[in-house]
Every structure is written in C-alpha cells, then in structure tokens.
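Asks: Input structure: model-v3.cif, which contains mmCIF, C-alpha atoms and all ligand atoms.
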data_protein
loop_
_atom_site.label_atom_id
_atom_site.label_comp_id
_atom_site.auth_asym_id
_atom_site.auth_seq_id
_atom_site.Cartn_x
_atom_site.Cartn_y
_atom_site.Cartn_z
CA MET Z 184 0.00 0.00 0.00
CA LEU Z 185 1.25 3.45 -0.91
CA LEU Z 186 0.17 6.30 1.39
CA ARG Z 187 0.25 9.90 0.17
CA SER Z 188 0.17 13.02 2.35
CA ARG Z 189 0.57 16.75 1.76
CA ILE Z 190 3.40 16.81 4.30
CA LEU Z 191 5.61 13.96 5.46
CA ILE Z 192 7.66 14.23 8.66
CA PRO Z 193 9.86 11.10 8.72
CA MET Z 194 11.98 12.32 11.71
CA ALA Z 195 14.86 10.27 10.21
CA ALA Z 196 15.04 12.86 7.38
CA PRO Z 197 13.85 16.46 6.87
CA PRO Z 198 10.12 17.05 6.31
CA LEU Z 199 8.97 17.07 2.68
CA GLU Z 200 5.96 18.16 0.69
CA ASP Z 201 3.73 15.70 -1.22
CA GLY Z 202 5.28 12.70 0.46
CA ALA Z 203 4.64 8.98 0.23
CA VAL Z 204 5.21 5.96 2.45
CA LEU Z 205 5.23 2.49 0.92
CA VAL Z 206 4.04 -0.18 3.37
CA SER Z 207 4.25 -3.93 2.88
CA GLY Z 208 3.03 -6.25 5.62
CA ASP Z 209 3.98 -4.73 8.97
CA ARG Z 210 6.98 -2.75 7.66
CA ILE Z 211 7.83 0.40 5.76
CA VAL Z 212 9.53 -0.41 2.45
CA ALA Z 213 10.33 3.11 1.26
CA VAL Z 214 9.79 6.77 2.13
CA GLY Z 215 10.06 9.65 -0.34
CA SER Z 216 8.23 11.99 -2.65
CA TRP Z 217 4.90 10.92 -4.17
CA ARG Z 218 6.06 11.82 -7.67
CA ASP Z 219 9.16 9.59 -7.45
CA MET Z 220 7.45 6.66 -5.80
CA ARG Z 221 4.15 6.55 -7.69
CA GLY Z 222 5.84 5.61 -10.95
CA HIS Z 223 7.52 2.56 -9.41
CA PHE Z 224 4.42 1.19 -7.70
CA THR Z 225 1.28 -0.27 -9.25
CA GLY Z 226 -0.58 -1.46 -6.11
CA PRO Z 227 -3.29 0.32 -4.08
CA ALA Z 228 -2.67 3.93 -3.03
CA VAL Z 229 -4.43 5.93 -0.32
CA ASP Z 230 -4.33 9.72 -0.51
CA LEU Z 231 -4.67 10.97 3.06
CA GLY Z 232 -5.08 14.55 1.82
CA ASP Z 233 -4.23 17.73 3.74
CA VAL Z 234 -2.43 16.05 6.61
CA ALA Z 235 1.07 15.64 7.96
CA VAL Z 236 2.09 12.01 8.33
CA LEU Z 237 4.60 11.33 11.08
CA PRO Z 238 5.78 8.39 13.23
CA GLY Z 239 3.27 7.11 15.78
CA LEU Z 240 3.92 8.68 19.19
CA ILE Z 241 5.59 6.71 21.99
CA ASN Z 242 4.45 7.28 25.58
CA THR Z 243 7.24 6.23 27.92
CA HIS Z 244 5.34 6.55 31.21
CA CYS Z 245 1.72 5.66 31.85
CA HIS Z 246 -0.55 3.86 34.33
CA LEU Z 247 -3.47 2.57 32.24
CA ASP Z 248 -4.89 0.83 35.34
CA TYR Z 249 -5.74 4.21 36.89
CA THR Z 250 -7.48 5.89 33.92
CA GLY Z 251 -10.86 5.48 35.61
CA PHE Z 252 -9.55 7.21 38.76
CA ALA Z 253 -9.46 10.59 36.99
CA GLU Z 254 -10.73 13.33 39.32
CA HIS Z 255 -11.24 10.86 42.17
CA LEU Z 256 -8.72 12.60 44.44
CA PRO Z 257 -8.83 16.21 45.66
CA PRO Z 258 -5.71 18.34 45.03
CA PRO Z 259 -3.00 16.85 47.26
CA ARG Z 260 -1.90 18.40 50.54
CA SER Z 261 1.34 16.49 50.16
CA PHE Z 262 2.79 13.82 47.89
CA SER Z 263 2.63 11.23 50.68
CA ALA Z 264 -1.03 12.06 51.31
CA TRP Z 265 -1.69 11.59 47.58
CA ILE Z 266 0.02 8.16 47.56
CA GLN Z 267 -2.06 7.13 50.58
CA GLY Z 268 -5.19 8.28 48.72
CA VAL Z 269 -4.21 6.18 45.71
CA LEU Z 270 -3.65 3.12 47.90
CA ALA Z 271 -7.08 3.57 49.53
CA LEU Z 272 -8.80 3.87 46.13
CA LYS Z 273 -6.94 0.86 44.75
CA ALA Z 274 -8.10 -1.31 47.63
CA GLU Z 275 -11.74 -0.60 46.73
CA TRP Z 276 -11.55 -1.44 43.03
CA SER Z 277 -12.59 -4.74 41.46
CA PHE Z 278 -10.81 -6.57 38.66
CA THR Z 279 -13.58 -5.52 36.26
CA GLU Z 280 -13.12 -1.86 37.15
CA TYR Z 281 -9.40 -2.13 36.44
CA ALA Z 282 -10.11 -3.86 33.12
CA VAL Z 283 -12.57 -1.12 32.06
CA SER Z 284 -10.07 1.53 33.18
CA TRP Z 285 -7.20 -0.05 31.21
CA LEU Z 286 -9.29 -0.25 28.04
CA ALA Z 287 -10.46 3.35 28.38
CA GLY Z 288 -6.79 4.35 28.66
CA VAL Z 289 -5.63 2.58 25.49
CA ARG Z 290 -8.58 4.03 23.54
CA GLN Z 291 -7.62 7.55 24.67
CA LEU Z 292 -4.00 6.96 23.71
CA LEU Z 293 -4.92 5.56 20.30
CA ARG Z 294 -7.21 8.51 19.50
CA SER Z 295 -4.51 10.98 20.49
CA GLY Z 296 -1.83 9.51 18.22
CA CYS Z 297 0.04 7.16 20.52
CA THR Z 298 1.06 3.83 18.96
CA THR Z 299 3.40 2.46 21.67
CA VAL Z 300 3.14 2.79 25.43
CA LEU Z 301 5.42 1.80 28.30
CA ASP Z 302 2.79 1.14 30.95
CA ILE Z 303 3.22 0.36 34.64
CA GLU Z 304 1.05 -2.68 35.36
CA SER Z 305 -0.13 -3.20 38.92
CA VAL Z 306 -2.83 -5.74 37.95
CA PRO Z 307 -0.91 -8.33 35.87
CA GLU Z 308 -3.99 -10.59 35.83
CA LEU Z 309 -5.30 -8.25 33.10
CA LEU Z 310 -2.69 -9.73 30.76
CA PRO Z 311 -2.65 -11.08 28.10
CA ASP Z 312 -6.37 -10.44 27.45
CA ALA Z 313 -5.90 -6.67 27.72
CA TRP Z 314 -3.09 -6.82 25.12
CA THR Z 315 -5.27 -8.60 22.58
CA SER Z 316 -8.04 -6.01 23.00
CA THR Z 317 -5.99 -3.12 21.55
CA PRO Z 318 -3.96 -2.51 18.39
CA LEU Z 319 -1.41 -0.53 20.47
CA ARG Z 320 2.05 -1.84 21.18
CA VAL Z 321 2.05 -2.15 24.96
CA ILE Z 322 5.13 -2.76 27.08
CA SER Z 323 3.71 -3.76 30.45
CA ALA Z 324 6.22 -3.06 33.21
CA LEU Z 325 5.23 -5.32 36.09
CA GLU Z 326 5.07 -3.22 39.24
CA MET Z 327 6.84 -4.47 42.37
CA THR Z 328 6.73 -2.98 45.86
CA GLY Z 329 7.64 -4.29 49.30
CA VAL Z 330 8.97 -2.34 52.24
CA ARG Z 331 8.45 -4.70 55.16
CA ALA Z 332 11.33 -6.90 56.26
CA SER Z 333 9.06 -9.92 56.01
CA ALA Z 334 8.42 -9.29 52.30
CA ASP Z 335 11.11 -11.41 50.68
CA PRO Z 336 12.57 -9.54 47.64
CA ALA Z 337 13.38 -12.84 45.89
CA ALA Z 338 9.74 -13.92 46.24
CA ILE Z 339 8.46 -10.55 44.97
CA LEU Z 340 10.71 -10.76 41.92
CA GLY Z 341 9.92 -14.46 41.51
CA SER Z 342 6.19 -13.85 41.10
CA ALA Z 343 6.83 -11.10 38.53
CA LEU Z 344 9.16 -13.37 36.56
CA LYS Z 345 6.55 -16.13 36.62
CA VAL Z 346 4.10 -13.72 34.98
CA GLN Z 347 6.77 -12.69 32.47
CA GLU Z 348 7.49 -16.33 31.54
CA SER Z 349 3.79 -17.03 30.99
CA LEU Z 350 3.25 -14.15 28.53
CA ARG Z 351 4.06 -14.25 24.82
CA HIS Z 352 2.56 -11.86 22.31
CA PRO Z 353 3.63 -10.77 18.81
CA ARG Z 354 3.14 -7.05 19.51
CA CYS Z 355 3.32 -6.61 23.28
CA GLN Z 356 6.02 -7.40 25.83
CA VAL Z 357 6.87 -7.34 29.52
CA ALA Z 358 9.30 -5.08 31.43
CA LEU Z 359 10.03 -4.83 35.16
CA SER Z 360 9.16 -1.92 37.43
CA PRO Z 361 10.26 -1.80 41.03
CA HIS Z 362 7.93 1.07 41.97
CA ALA Z 363 10.26 3.59 43.67
CA PRO Z 364 13.13 3.60 46.17
CA TYR Z 365 10.77 4.53 49.05
CA SER Z 366 8.32 1.71 48.29
CA THR Z 367 10.95 -1.03 47.87
CA ARG Z 368 14.02 -2.36 49.63
CA SER Z 369 17.36 -1.84 47.91
CA ASP Z 370 17.99 -5.60 47.75
CA LEU Z 371 14.91 -5.89 45.51
CA LEU Z 372 16.41 -3.27 43.17
CA SER Z 373 19.68 -5.25 42.92
CA LEU Z 374 17.83 -8.49 42.22
CA VAL Z 375 15.63 -6.87 39.56
CA ILE Z 376 18.50 -5.47 37.53
CA GLY Z 377 20.29 -8.84 37.62
CA ALA Z 378 17.20 -10.67 36.33
CA ALA Z 379 16.42 -7.95 33.77
CA ARG Z 380 19.92 -8.13 32.26
CA GLN Z 381 19.79 -11.93 32.14
CA ARG Z 382 16.42 -11.89 30.34
CA GLY Z 383 16.90 -8.79 28.19
CA LEU Z 384 14.06 -6.87 29.86
CA LEU Z 385 13.63 -3.11 30.20
CA VAL Z 386 13.43 -1.67 33.71
CA THR Z 387 11.56 1.44 34.75
CA ILE Z 388 11.30 3.07 38.18
CA HIS Z 389 9.99 6.31 39.72
CA VAL Z 390 12.93 8.21 41.29
CA ALA Z 391 13.24 11.62 42.95
CA GLU Z 392 9.67 12.52 42.03
CA SER Z 393 8.91 14.61 45.13
CA ASP Z 394 10.81 16.80 47.54
CA GLU Z 395 9.45 14.54 50.30
CA GLU Z 396 11.28 11.57 48.76
CA PHE Z 397 14.46 13.66 48.52
CA GLN Z 398 14.14 14.72 52.18
CA MET Z 399 13.55 11.11 53.25
CA PHE Z 400 16.72 9.70 51.63
CA GLN Z 401 19.03 12.67 52.00
CA HIS Z 402 18.06 13.87 55.48
CA ALA Z 403 15.84 11.16 57.10
CA ARG Z 404 13.06 13.64 57.68
CA GLY Z 405 9.81 14.98 56.25
CA PRO Z 406 6.25 13.71 55.72
CA MET Z 407 7.22 10.66 53.63
CA TYR Z 408 9.89 9.59 56.12
CA ASP Z 409 7.44 9.98 59.02
CA TRP Z 410 4.70 8.05 57.17
CA LEU Z 411 6.92 5.13 56.15
CA LYS Z 412 9.14 4.88 59.23
CA PRO Z 413 6.80 2.49 61.10
CA GLN Z 414 6.55 0.19 58.04
CA ARG Z 415 9.99 0.40 56.49
CA ASP Z 416 13.51 -0.15 57.83
CA PRO Z 417 14.78 3.49 57.86
CA SER Z 418 18.47 2.57 57.99
CA ASP Z 419 18.95 3.45 54.30
CA CYS Z 420 17.72 7.02 54.90
CA GLY Z 421 19.78 10.06 55.89
CA HIS Z 422 22.84 9.17 53.80
CA ARG Z 423 22.31 10.11 50.15
CA THR Z 424 19.87 11.33 47.53
CA PRO Z 425 17.16 9.04 46.10
CA MET Z 426 19.07 8.82 42.79
CA ALA Z 427 22.32 7.93 44.57
CA HIS Z 428 20.41 5.29 46.54
CA VAL Z 429 19.09 3.73 43.31
CA ALA Z 430 22.51 3.98 41.64
CA ALA Z 431 24.15 2.23 44.59
CA SER Z 432 21.78 -0.72 44.11
CA GLY Z 433 23.10 -1.06 40.54
CA LEU Z 434 19.71 -0.35 38.99
CA LEU Z 435 20.77 2.50 36.69
CA GLY Z 436 21.96 1.51 33.22
CA ALA Z 437 21.26 1.85 29.52
CA THR Z 438 18.13 -0.32 29.75
CA THR Z 439 16.72 1.57 32.77
CA ILE Z 440 14.15 4.32 32.24
CA VAL Z 441 13.87 6.68 35.18
CA ALA Z 442 10.50 8.37 35.60
CA HIS Z 443 10.36 11.97 36.93
CA ALA Z 444 13.88 12.79 38.30
CA ASN Z 445 12.60 16.16 39.49
CA TYR Z 446 14.91 16.61 42.47
CA LEU Z 447 18.55 16.09 41.49
CA GLU Z 448 21.88 17.15 42.95
CA PRO Z 449 24.64 17.81 40.38
CA ALA Z 450 26.17 14.41 41.24
CA ASP Z 451 22.83 12.73 40.48
CA VAL Z 452 22.87 14.11 36.94
CA GLU Z 453 26.39 12.71 36.53
CA LEU Z 454 25.23 9.30 37.80
CA LEU Z 455 22.44 9.23 35.20
CA ALA Z 456 24.79 10.30 32.42
CA ALA Z 457 27.48 7.79 33.37
CA ALA Z 458 24.93 4.97 33.51
CA GLY Z 459 23.38 5.88 30.14
CA SER Z 460 19.88 5.94 31.64
CA VAL Z 461 16.97 7.81 30.10
CA VAL Z 462 14.65 10.14 32.03
CA VAL Z 463 10.89 10.41 31.39
CA HIS Z 464 9.31 13.73 32.25
CA CYS Z 465 5.52 13.97 32.69
CA PRO Z 466 4.71 17.71 32.36
CA GLN Z 467 1.04 17.63 33.47
CA SER Z 468 1.77 15.40 36.47
CA HIS Z 469 4.71 17.65 37.37
CA ASP Z 470 2.36 20.65 37.24
CA TYR Z 471 -0.34 18.89 39.31
CA PHE Z 472 2.04 18.38 42.25
CA GLY Z 473 3.68 21.79 41.87
CA HIS Z 474 7.18 20.35 41.89
CA ALA Z 475 10.33 22.47 41.61
CA PRO Z 476 11.17 23.29 37.94
CA PHE Z 477 12.14 20.17 35.99
CA PRO Z 478 15.96 20.17 35.50
CA PHE Z 479 15.76 19.70 31.71
CA ASP Z 480 18.70 21.97 30.85
CA ARG Z 481 21.02 20.23 33.32
CA LEU Z 482 20.06 16.79 32.04
CA ARG Z 483 20.46 17.81 28.40
CA ALA Z 484 23.81 19.47 29.07
CA ALA Z 485 25.02 16.21 30.65
CA GLY Z 486 23.79 14.17 27.66
CA VAL Z 487 20.94 12.43 29.48
CA PRO Z 488 18.12 11.76 26.99
CA VAL Z 489 14.70 13.02 28.14
CA CYS Z 490 11.40 11.62 26.85
CA LEU Z 491 7.81 12.56 27.67
CA GLY Z 492 5.06 10.53 29.32
CA THR Z 493 1.47 11.09 30.36
CA ASP Z 494 1.67 9.45 33.81
CA SER Z 495 -1.88 8.53 34.94
CA LEU Z 496 -5.03 10.65 34.86
CA MET Z 497 -4.94 10.67 38.67
CA SER Z 498 -2.31 13.39 38.58
CA VAL Z 499 -3.68 15.72 35.89
CA ARG Z 500 -5.57 18.96 36.52
CA LYS Z 501 -8.71 19.52 34.48
CA LEU Z 502 -8.06 23.23 33.82
CA GLY Z 503 -11.42 23.98 32.16
CA ARG Z 504 -11.38 20.95 29.86
CA PRO Z 505 -14.75 19.13 29.65
CA THR Z 506 -13.10 15.73 30.10
CA LEU Z 507 -9.65 14.44 30.91
CA ALA Z 508 -7.90 12.04 28.55
CA LEU Z 509 -4.39 10.63 28.18
CA ASP Z 510 -2.87 12.71 25.37
CA LEU Z 511 0.82 13.16 24.52
CA PHE Z 512 0.01 16.31 22.52
CA ASP Z 513 -1.16 17.93 25.77
CA GLU Z 514 2.18 16.95 27.35
CA LEU Z 515 4.13 18.32 24.36
CA GLN Z 516 2.29 21.63 24.58
CA LEU Z 517 2.80 22.09 28.32
CA PHE Z 518 6.48 21.13 27.95
CA GLY Z 519 6.80 23.70 25.15
CA ARG Z 520 5.32 26.42 27.35
CA ASN Z 521 7.68 25.57 30.22
CA HIS Z 522 10.77 25.16 27.99
CA PRO Z 523 10.29 27.59 25.09
CA SER Z 524 13.95 27.40 24.03
CA VAL Z 525 13.63 23.73 23.05
CA SER Z 526 13.04 23.51 19.29
CA PRO Z 527 9.88 21.86 17.89
CA VAL Z 528 11.99 19.09 16.30
CA GLU Z 529 13.66 18.31 19.62
CA ARG Z 530 10.28 18.32 21.36
CA LEU Z 531 8.78 15.94 18.83
CA ALA Z 532 11.84 13.66 19.15
CA MET Z 533 10.98 13.24 22.85
CA VAL Z 534 7.89 11.24 21.83
CA THR Z 535 9.33 9.62 18.67
CA THR Z 536 13.02 8.95 17.97
CA HIS Z 537 14.36 9.45 21.52
CA ALA Z 538 11.51 7.47 23.00
CA ALA Z 539 12.08 4.59 20.57
CA GLN Z 540 15.76 4.49 21.54
CA ALA Z 541 14.79 4.57 25.22
CA ILE Z 542 12.73 1.40 24.87
CA GLY Z 543 15.46 -0.30 22.82
CA ARG Z 544 13.55 -0.14 19.49
CA GLY Z 545 15.40 2.76 17.86
CA SER Z 546 15.86 0.96 14.53
CA GLU Z 547 12.19 -0.10 14.27
CA LEU Z 548 10.04 2.59 15.85
CA GLY Z 549 9.95 6.38 16.24
CA ALA Z 550 10.92 7.24 12.64
CA LEU Z 551 9.59 6.60 9.14
CA ARG Z 552 12.36 4.86 7.22
CA ALA Z 553 12.81 1.75 5.08
CA GLY Z 554 12.81 -1.35 7.29
CA ALA Z 555 11.04 0.27 10.26
CA MET Z 556 7.69 -0.94 11.55
CA ALA Z 557 4.77 0.74 9.77
CA ASP Z 558 3.63 2.74 12.83
CA LEU Z 559 2.42 6.17 11.74
CA ILE Z 560 -0.23 8.80 12.36
CA ALA Z 561 -1.66 11.74 10.44
CA VAL Z 562 -2.71 15.12 11.78
CA PRO Z 563 -4.60 17.82 9.82
CA MET Z 564 -2.15 20.27 8.25
CA ASP Z 565 -2.83 23.37 6.17
CA GLY Z 566 0.25 25.49 6.98
CA PRO Z 567 3.58 25.77 5.16
CA LEU Z 568 6.25 23.05 5.12
CA ALA Z 569 8.70 25.24 7.04
CA ARG Z 570 6.31 25.39 10.03
CA ALA Z 571 4.98 21.83 9.78
CA VAL Z 572 6.85 20.30 12.74
CA GLU Z 573 5.91 23.19 14.99
CA ALA Z 574 2.27 22.97 13.84
CA VAL Z 575 2.24 19.23 14.64
CA THR Z 576 3.35 19.89 18.22
CA PHE Z 577 0.33 22.21 18.61
CA HIS Z 578 -2.17 19.64 17.35
CA ARG Z 579 -5.32 19.25 19.47
CA GLY Z 580 -8.07 16.66 19.38
CA PRO Z 581 -8.26 13.17 17.95
CA VAL Z 582 -5.95 12.14 15.11
CA PRO Z 583 -7.78 11.17 11.91
CA VAL Z 584 -5.43 8.31 10.99
CA SER Z 585 -3.30 5.82 12.86
CA MET Z 586 -1.47 2.74 11.57
CA ILE Z 587 0.32 0.22 13.78
CA GLY Z 588 2.39 -2.56 12.22
CA GLY Z 589 0.77 -1.98 8.84
CA GLU Z 590 -2.79 -2.31 10.23
CA TRP Z 591 -5.15 0.62 10.64
CA GLY Z 592 -5.60 1.56 14.29
CA ILE Z 593 -7.79 4.44 13.06
CA ALA Z 594 -8.73 3.93 9.43
CA PRO Z 595 -8.89 7.04 7.18
CA ASN Z 596 -12.71 6.98 7.31
CA GLY Z 597 -12.51 7.70 11.02
CA GLN Z 598 -13.31 4.25 12.37
CA VAL Z 599 -11.28 3.32 15.41
CA ASP Z 600 -10.22 -0.30 15.25
CA VAL Z 601 -10.44 -1.34 18.90
ZN ZN Z 701 4.07 6.92 37.47
#
In structure tokens, how does this file's structure come out?
Ligand SMILES: [Zn+2]
Replies:
Amino acid sequence: MLLRSRILIPMAAPPLEDGAVLVSGDRIVAVGSWRDMRGHFTGPAVDLGDVAVLPGLINTHCHLDYTGFAEHLPPPRSFSAWIQGVLALKAEWSFTEYAVSWLAGVRQLLRSGCTTVLDIESVPELLPDAWTSTPLRVISALEMTGVRASADPAAILGSALKVQESLRHPRCQVALSPHAPYSTRSDLLSLVIGAARQRGLLVTIHVAESDEEFQMFQHARGPMYDWLKPQRDPSDCGHRTPMAHVAASGLLGATTIVAHANYLEPADVELLAAAGSVVVHCPQSHDYFGHAPFPFDRLRAAGVPVCLGTDSLMSVRKLGRPTLALDLFDELQLFGRNHPSVSPVERLAMVTTHAAQAIGRGSELGALRAGAMADLIAVPMDGPLARAVEAVTFHRGPVPVSMIGGEWGIAPNGQVDV
C-alpha cells in the first residue's frame, strides 16, 4: 500500500511536501516523494489529503490501570497524602473496574496519536487479554513494591518473573518496574537489575519525584519519612539522595528508564549520564504536584536523553477541559510552554526517535524509514512546510489516521479499530 500526504515528517530525514510511504506487511519499504514513488508502484494507493504524516507517538510513562480514577482525588496536601489516597482507592476497586479503566486508557492513547506505550502494570492478571483487546504496542512493566522486612525480595521478583514467563505476544512485551526507592528495599532493586539483564528486559522506576522523597533519603526527615518509618527499615535514609540510593543498588543503566527525576543534585545528573539511563518527564503530572522546575537543561547538558510521558489521569488537573484524557500532545504543549527554548523538532523527538531508543527499538520505531515498523499517524495540516513540525506539536483533538504494524488503528474513514 502506498500512502500519500501533503506533508511527510519522517523524523529520520527532513520534512517534505507531497510525500509517500510504501508499506508492505507490517513494515515500511520506502519513504520519499509521491512523484518519485508513484511511478515505481502499481498497487493500491491511499491519498490521506491535507495532513502531515509522522511516526506514531511513543508514551514512555503511563498507568493505564488508573485511567478510571481521573478526578477521584482532591488536590493533594502532600505527595505522601496523595500516595495514601491512591492506595485507599486501589483497595476498593474490582478486577472488572481495572479492566474497564485499562481499556479506556488505550482508547484515549490511540485517539490521540500514541502507537506504543510503556505502561506500569499493577494488575498483571489483566494480561494477556488486555493486550489482545488493543492494536497498540504495549510494554507492560510489572510493578513491584515491598517495604516490610518480612516481604522477601526474591519472592516478589519471583512472582513477577513467573508472569513474564507465561506471557508471549507478537506485539506486546513485559518489562520490570520496582515502583520507587521509598516503596521497595534496595535488595529488591539489585535483584531486579540482575534478572532484567539476564532476560533482556527493560526496567523502569519512579525516582526523585517529590521533595518529600528527597528529604527522606538525603536527610531522614519529612512527611514521607514519618509516614513510612513504622513500616519500612529506615536505615537506608539520611545518607544520600534518592538517585544515589538507586545507583548504589546497581539499577541504573542503559536499559533503565527513570520516571520523573525532578529533584537532582549535580552528582545525580552525573550518575544518570554515566549509567546511560533515560529520564521520562511527565509535564502535566509535574504541574499537578507543583514540583520544583524540571531540570531539563542540566540533564540535556550532561547528555541524558529526556522523553515525555502522560503518567496517569490521577495526577492531571482539568483546567477547564470538559473531560480528561491521556494525550501526549497535551504533554508536548505544556512542555513547550515551560521550555520555550527547546526547538519543535527536539520536542517531537521526545515522543518519537528518543523514545524509541529509550525502549530499545530505535531501529524499528519512532521514525519513518525503510525497514522500520509501519507505525504512523496523520494530523490535519494546512500550513507551510517550514512550520509543519511546529504545527504538529500544537495539534489538538483526535488524530484522523493511525497505523500500527501496517494495520489501521484508526482507518482514514474515522473508524477506530479497537
Ligand atoms: Zn508513574
């Protein structure tokens, strides 16, 4: 199939006018100008019209399980109070409610141009049925917690690995997610990275998200320290930053994606850079909690790649919108407002090329090039070529077209294939 669009933004090459993408099976065969490619191809062609075609977006931090919890919690007094609110809500929910929530989340992501998501999965029983119910590529990072001395880290990891061994899917895969340094013991972190390297699995973890977490590890004080002290051996607190704590466990590395990283000492940035880890920033979630400014410039200067994620709808403010939905374009726009010096191309790379590299699929996803998976979206486009990338980053509303692995996720007639 040959797809034609007024503008083509391959990301692997400069944008071009009157572009074409040749798709065969689940892969892209060629990318170029319509005029050059039409003459060499006699099969079916689809003219997508006045749109820009670009790689499908990659969301590197999400909690699909919690989509249905949107607006369930009042604005947080403190981060620890928010976590306790989440735990209370989670205890009330049934399996069916989680399943409905998960499905609502993937539908929202599909409509808003996402084709791949790295999702934290706290209800692994949803898999693999949930995977087969969506055309999205889902990387389900199995969440692990455990702060009490009686919770054996080897047993916690063992049950996650059992789930991982039982799941095989052509489009979806498993990763590992020890939740955060404050909700785990450091011996779990060391065990996880050992198992992940042995099995070739991605790891993702929340680190240095809140000032309370920073205070807990660096100074053994603050609301999080006081809350967790009765449940958690506090002997690892009061010595170093959360990032240094995670680094000491060996968890940082090129296959580790660190979510948030809002509170970093200069040495923490160096640890991330030396380890080759990637950071995921979630602009709306960052805004919801009112964190200190995200240290994007320091991370970029040190060579630490930064991607964007939606986090869950539990930590997004409504801000006059009629409904809340997971949407990477919203994240791109808020990031652009907070970091106006970052170019549109660099912003778009945070949800395409950089994100694909972060999940270890840089040669297959995140860019339109020969040999890559045929994962692409279209957004309406009537402006000039020179402003096309910038215009894409300002897109609002559902995308009219989405293709994942050569199959329509949203067919050009507007039907969503879910
Ligand atoms: Zn998260």
Asks: Sort by chain and increasing residue number a table of all residues of chain Z within 9 Å of ligand ZN 701 (chain Z), each with its closest pair of atoms and their distance in Å to one decimal, counting only C-alpha atoms and all ligand atoms, and write it as a tab-separated table.
Replies:
residue	atom	partner	partner_atom	distance
Z:His244	CA	Z:ZN701	ZN	6.4
Z:Cys245	CA	Z:ZN701	ZN	6.2
Z:His246	CA	Z:ZN701	ZN	6.4
Z:Asp302	CA	Z:ZN701	ZN	8.8
Z:Ile303	CA	Z:ZN701	ZN	7.2
Z:His362	CA	Z:ZN701	ZN	8.3
Z:Ile388	CA	Z:ZN701	ZN	8.2
Z:His389	CA	Z:ZN701	ZN	6.4
Z:Ala442	CA	Z:ZN701	ZN	6.9
Z:His443	CA	Z:ZN701	ZN	8.1
Z:Cys465	CA	Z:ZN701	ZN	8.6
Z:Ser468	CA	Z:ZN701	ZN	8.8
Z:Gly492	CA	Z:ZN701	ZN	9.0
Z:Thr493	CA	Z:ZN701	ZN	8.6
Z:Asp494	CA	Z:ZN701	ZN	5.1
Z:Ser495	CA	Z:ZN701	ZN	6.7
Asks: At a cut-off of 10 Å, using all atoms listed in the file, what residues contact Phe479 (chain Z)? Leave out same-chain residues fewer than 5 positions from it and give the result as an MDAnalysis selection string.
Replies: chainID Z and resid 444:445 462 464 484:485 487:489 522 525
Asks: Between Z:Thr424, Z:Asn521, Z:Gln267, Z:Ser418, which residue has the minimum interatomic distance to Gln467 (chain Z), considering all atoms listed in the file?
Replies: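 Distance minimum relative to Gln467 (chain Z) lands on Z:Asn521.
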Asks: Under the rule that all atoms listed in the file are counted, which of Z:Ala264, Z:Leu205, Z:Ala313, Z:Ala363 is the nearest residue to Leu350 (chain Z)?
Replies: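 Ranking Z:Ala264, Z:Leu205, Z:Ala313, Z:Ala363 by distance to Leu350 (chain Z), first place goes to Z:Ala313.
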Asks: Nearest to Ser188 (chain Z): which of Z:Leu344, Z:Val214, Z:Val234, Z:Leu507 is it, counting only C-alpha atoms?
Replies: Z:Val234
Asks: Quick one: distance from CA of Leu548 (chain Z) to CA of Arg320 (chain Z) in Å, one decimal?
Replies: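 Those two atoms sit 10.6 Å apart.
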Asks: CA of Pro353 (chain Z) and CA of Ser284 (chain Z) are how many Å apart?
Replies: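 Separation of CA of Pro353 (chain Z) and CA of Ser284 (chain Z): 23.4 Å.
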Asks: In terms of the shortest atom-to-atom distance over all atoms listed in the file, which of Z:Arg415, Z:Arg382, Z:Arg354, Z:His474 is closest to Ser333 (chain Z)?
Replies: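 Comparing Z:Arg415, Z:Arg382, Z:Arg354, Z:His474 against Ser333 (chain Z), the winner is Z:Arg415.
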Asks: For Asn596 (chain Z), which residue out of Z:Val534, Z:Leu186, Z:Pro567, Z:Val584 is the nearest one, using all atoms listed in the file?
Replies: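 For Asn596 (chain Z), the nearest of the candidates is Z:Val584.
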Asks: Rank nothing, just name the residue among Z:Glu547, Z:Gly208, Z:Leu292, Z:Asp233 nearest to Arg189 (chain Z), using all atoms listed in the file.
Replies: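 Among the listed residues, the smallest separation from Arg189 (chain Z) belongs to Z:Asp233.
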